[in-house]
$ cat final.txt   # compact mmCIF, C-alpha atoms
# COMPACT_ATOMS: atom_id res chain seq x y z
CA MET K 1 128.75 146.12 90.37
CA ARG K 2 125.92 148.56 89.69
CA PHE K 3 124.08 148.90 86.42
CA THR K 4 122.56 152.09 85.10
CA PHE K 5 118.98 151.96 83.90
CA PRO K 6 119.92 152.11 80.16
CA SER K 7 122.51 149.34 80.51
CA LEU K 8 119.98 147.20 82.42
CA ILE K 9 117.48 147.64 79.56
CA ILE K 10 120.12 146.52 77.02
CA ILE K 11 121.05 143.45 79.10
CA MET K 12 117.39 142.46 79.58
CA SER K 13 116.67 142.91 75.84
CA THR K 14 119.64 140.74 74.91
CA VAL K 15 118.57 137.99 77.31
CA THR K 16 114.97 138.12 76.01
CA VAL K 17 116.03 137.94 72.35
CA SER K 18 118.40 135.04 73.11
CA PHE K 19 115.66 133.16 74.95
CA LEU K 20 113.08 133.67 72.21
CA SER K 21 115.48 132.56 69.49
CA CYS K 22 115.84 129.19 71.27
CA SER K 23 112.12 128.51 71.59
CA THR K 24 110.66 125.48 69.80
CA GLN K 25 108.19 125.41 66.94
CA ASP K 26 104.96 123.43 66.92
CA ASP K 27 105.27 119.69 66.12
CA ARG K 28 104.18 119.84 62.49
CA SER K 29 106.93 122.22 61.48
CA LYS K 30 109.59 120.93 63.88
CA ASN K 31 112.90 120.63 62.09
CA ALA K 32 111.44 121.83 58.77
CA THR K 33 113.86 123.65 56.48
CA ASN K 34 112.77 125.23 53.23
CA LYS K 35 114.91 125.21 50.10
CA THR K 36 112.84 126.54 47.23
CA THR K 37 110.16 123.81 47.09
CA GLU K 38 111.86 121.25 49.36
CA SER K 39 110.90 120.77 53.00
CA TYR K 40 112.81 118.59 55.45
CA TYR K 41 111.39 116.89 58.54
CA GLY K 42 113.47 115.12 61.17
CA SER K 43 117.12 114.89 60.16
CA VAL K 44 118.06 116.83 57.05
CA ILE K 45 119.05 114.09 54.64
CA GLU K 46 121.12 113.81 51.50
CA THR K 47 118.60 112.86 48.80
CA SER K 48 120.95 111.49 46.15
CA GLY K 49 121.30 107.73 45.87
CA ALA K 50 117.72 106.94 46.92
CA ILE K 51 116.12 103.85 45.39
CA ASP K 52 112.63 103.97 43.93
CA ALA K 53 109.89 102.73 46.27
CA ASN K 54 108.91 100.20 43.58
CA ARG K 55 112.31 98.49 44.09
CA ILE K 56 112.34 98.35 47.90
CA ARG K 57 111.03 94.77 47.94
CA GLU K 58 114.05 93.64 45.91
CA LYS K 59 116.36 95.03 48.62
CA LEU K 60 114.40 93.22 51.32
CA ARG K 61 114.81 89.86 49.57
CA MET K 62 118.54 90.05 50.24
CA GLU K 63 118.36 91.30 53.82
CA SER K 64 115.75 92.44 56.31
CA PRO K 65 115.54 94.89 57.88
CA VAL K 66 117.56 97.14 55.58
CA SER K 67 118.86 100.68 56.11
CA VAL K 68 118.07 102.59 52.95
CA LYS K 69 117.03 105.83 51.28
CA MET K 70 113.79 105.43 49.36
CA GLU K 71 112.00 107.84 47.04
CA GLY K 72 108.42 107.86 45.88
CA THR K 73 105.14 109.75 45.87
CA VAL K 74 103.15 110.64 48.98
CA VAL K 75 99.70 109.04 48.82
CA ALA K 76 98.37 110.06 52.26
CA THR K 77 99.41 111.38 55.66
CA CYS K 78 97.90 111.12 59.12
CA ARG K 79 95.23 113.83 59.19
CA LYS K 80 95.30 114.20 62.96
CA LYS K 81 98.97 114.77 63.72
CA GLY K 82 101.13 113.92 60.69
CA CYS K 83 102.69 110.95 62.50
CA TRP K 84 102.71 108.62 59.48
CA MET K 85 102.43 108.63 55.67
CA ASP K 86 101.85 106.20 52.84
CA VAL K 87 104.26 106.24 49.90
CA ALA K 88 103.27 104.66 46.57
CA SER K 89 105.13 101.43 45.81
CA GLY K 90 103.90 99.59 42.75
CA LYS K 91 100.46 98.08 43.39
CA ASP K 92 100.31 99.18 47.05
CA THR K 93 102.05 101.51 49.49
CA VAL K 94 104.85 101.58 52.03
CA PHE K 95 103.65 102.62 55.49
CA VAL K 96 106.15 105.17 56.86
CA LYS K 97 106.37 106.13 60.54
CA PHE K 98 108.89 108.46 62.12
CA LEU K 99 111.55 107.28 64.57
CA ASP K 100 110.40 107.74 68.17
CA TYR K 101 107.71 110.19 66.98
CA ASP K 102 110.44 112.85 67.03
CA PHE K 103 108.93 114.72 64.09
CA PHE K 104 105.78 114.93 62.00
CA VAL K 105 104.87 115.80 58.41
CA PRO K 106 102.00 118.03 57.21
CA THR K 107 98.54 116.61 57.87
CA GLU K 108 97.18 117.57 54.46
CA GLY K 109 98.05 119.10 51.13
CA VAL K 110 101.11 116.96 50.34
CA GLU K 111 99.41 114.13 48.47
CA GLY K 112 101.24 113.72 45.16
CA TYR K 113 104.44 115.30 46.49
CA HIS K 114 107.77 113.66 45.71
CA THR K 115 109.47 112.36 48.86
CA VAL K 116 112.77 110.85 49.90
CA VAL K 117 112.87 109.06 53.25
CA GLU K 118 115.93 107.71 55.02
CA GLY K 119 115.73 104.98 57.62
CA VAL K 120 114.94 101.28 57.93
CA ALA K 121 112.61 99.21 55.71
CA PHE K 122 111.13 95.94 56.96
CA TYR K 123 108.08 93.70 56.87
CA ASP K 124 105.90 93.54 59.96
CA THR K 125 102.39 92.60 61.06
CA THR K 126 100.09 95.43 62.09
CA THR K 127 97.36 94.50 64.58
CA VAL K 128 93.66 95.07 63.97
CA ALA K 129 93.63 97.71 66.73
CA ALA K 130 96.52 99.61 65.11
CA LEU K 131 94.98 99.34 61.63
CA ARG K 132 91.71 100.74 62.97
CA HIS K 133 93.58 103.56 64.69
CA PHE K 134 95.40 104.45 61.45
CA ALA K 135 92.10 104.30 59.51
CA GLU K 136 90.55 106.69 62.04
CA ASP K 137 93.59 109.00 61.68
CA ALA K 138 93.08 108.92 57.92
CA GLY K 139 89.47 110.09 58.31
CA ARG K 140 87.83 106.83 57.21
CA SER K 141 84.15 106.23 58.01
CA GLU K 142 83.03 104.20 61.03
CA GLU K 143 81.82 101.51 58.62
CA GLU K 144 85.25 101.25 56.96
CA ILE K 145 86.98 101.12 60.34
CA LEU K 146 84.74 98.32 61.64
CA ALA K 147 85.31 96.34 58.42
CA ILE K 148 88.96 95.89 59.47
CA THR K 149 88.96 92.46 61.11
CA GLU K 150 92.33 90.89 60.22
CA PRO K 151 95.90 91.92 61.02
CA GLU K 152 97.99 92.90 58.02
CA TYR K 153 101.54 91.84 57.11
CA ARG K 154 103.03 94.62 55.03
CA LEU K 155 106.06 96.63 54.06
CA GLN K 156 106.86 99.35 56.57
CA PHE K 157 109.52 101.98 57.02
CA THR K 158 110.82 103.85 60.07
CA ALA K 159 112.25 107.16 58.89
CA THR K 160 114.90 109.28 60.58
CA GLY K 161 114.53 112.04 58.00
CA VAL K 162 112.09 113.03 55.26
CA MET K 163 112.34 115.41 52.32
CA MET K 164 109.18 116.46 50.48
CA GLU K 165 108.81 118.62 47.43
CA GLU K 166 105.87 119.59 45.33
CA ALA K 167 105.74 117.47 42.18
CA LYS K 168 106.88 119.41 39.14
$ encode --input "final.txt" --output "structure tokens"
Amino acid sequence: MRFTFPSLIIIMSTVTVSFLSCSTQDDRSKNATNKTTESYYGSVIETSGAIDANRIREKLRMESPVSVKMEGTVVATCRKKGCWMDVASGKDTVFVKFLDYDFFVPTEGVEGYHTVVEGVAFYDTTTVAALRHFAEDAGRSEEEILAITEPEYRLQFTATGVMMEEAK
């Protein structure tokens, strides 16, 4: 089968457009979908039925780990890559990481945003080395990082999907 020059151009253009439409985005916006002021990262989740982050400890008293949807306010995110965030929970925070590092959230500008995360909540001990790494990611001073000398047992969350929206 022989192609004419114009038909070859059309075929090549179609292939190029198809290829470009399948290309991936950079990590920070991977899987992000905008709906007015909402942004989704990881799996797009249904946000209804989420429990307040202040009540997550009550759920963990009955079973641990627990699959749950939790809502709260973003306190901080990893400034280097967006690979974790802290969500306000009463007097402290819930440390949220993302399943298999499959997605990331913005590295700045989302503090104070409302968030709903879906995944697994649990208590775990974080090593001194990991705590120092997270402090470095957060932009803490060398003095603050070196002051971390004890592991920390705290509430953590592994999210499969995150929704964030600017607080109204």
$ residues_near_point --input "final.txt" --point "(119.4, 97.9, 60.5)" --cutoff "12 Å" --atoms "only C-alpha atoms" --output "mmCIF file with C-alpha atoms, in the frame of the given file"
data_model
loop_
_atom_site.group_PDB
_atom_site.id
_atom_site.type_symbol
_atom_site.label_atom_id
_atom_site.label_comp_id
_atom_site.auth_asym_id
_atom_site.auth_seq_id
_atom_site.Cartn_x
_atom_site.Cartn_y
_atom_site.Cartn_z
ATOM 1 C CA LEU K 60 114.400 93.220 51.320
ATOM 2 C CA GLU K 63 118.360 91.300 53.820
ATOM 3 C CA SER K 64 115.750 92.440 56.310
ATOM 4 C CA PRO K 65 115.540 94.890 57.880
ATOM 5 C CA VAL K 66 117.560 97.140 55.580
ATOM 6 C CA SER K 67 118.860 100.680 56.110
ATOM 7 C CA VAL K 68 118.070 102.590 52.950
ATOM 8 C CA GLU K 118 115.930 107.710 55.020
ATOM 9 C CA GLY K 119 115.730 104.980 57.620
ATOM 10 C CA VAL K 120 114.940 101.280 57.930
ATOM 11 C CA ALA K 121 112.610 99.210 55.710
ATOM 12 C CA PHE K 122 111.130 95.940 56.960
ATOM 13 C CA PHE K 157 109.520 101.980 57.020
ATOM 14 C CA THR K 158 110.820 103.850 60.070
ATOM 15 C CA ALA K 159 112.250 107.160 58.890
#
$ closest_residue --input "final.txt" --among "K:Gly49, K:Gly161, K:Pro151, K:Gly112" --to "K:Gly72" --atoms "only C-alpha atoms"
K:Gly112
$ residues_around --input "final.txt" --residues "stretch 132-135 of chain K" --least-positions-apart "3" --cutoff "8 Å" --atoms "only C-alpha atoms" --output "list in words"
Cys78, Val128, Ala129, Ala138, Gly139, Arg140, Glu144, Ile145, Leu146 and Ile148 of chain K
$ atom_distance --input "final.txt" --atom1 "atom CA of K:Ala53" --atom2 "atom CA of K:Thr107"
21.4 Å
$ closest_residue --input "final.txt" --among "K:Lys91, K:Arg55, K:Lys81, K:His114" --to "K:Glu38" --atoms "all atoms listed in the file"
K:His114
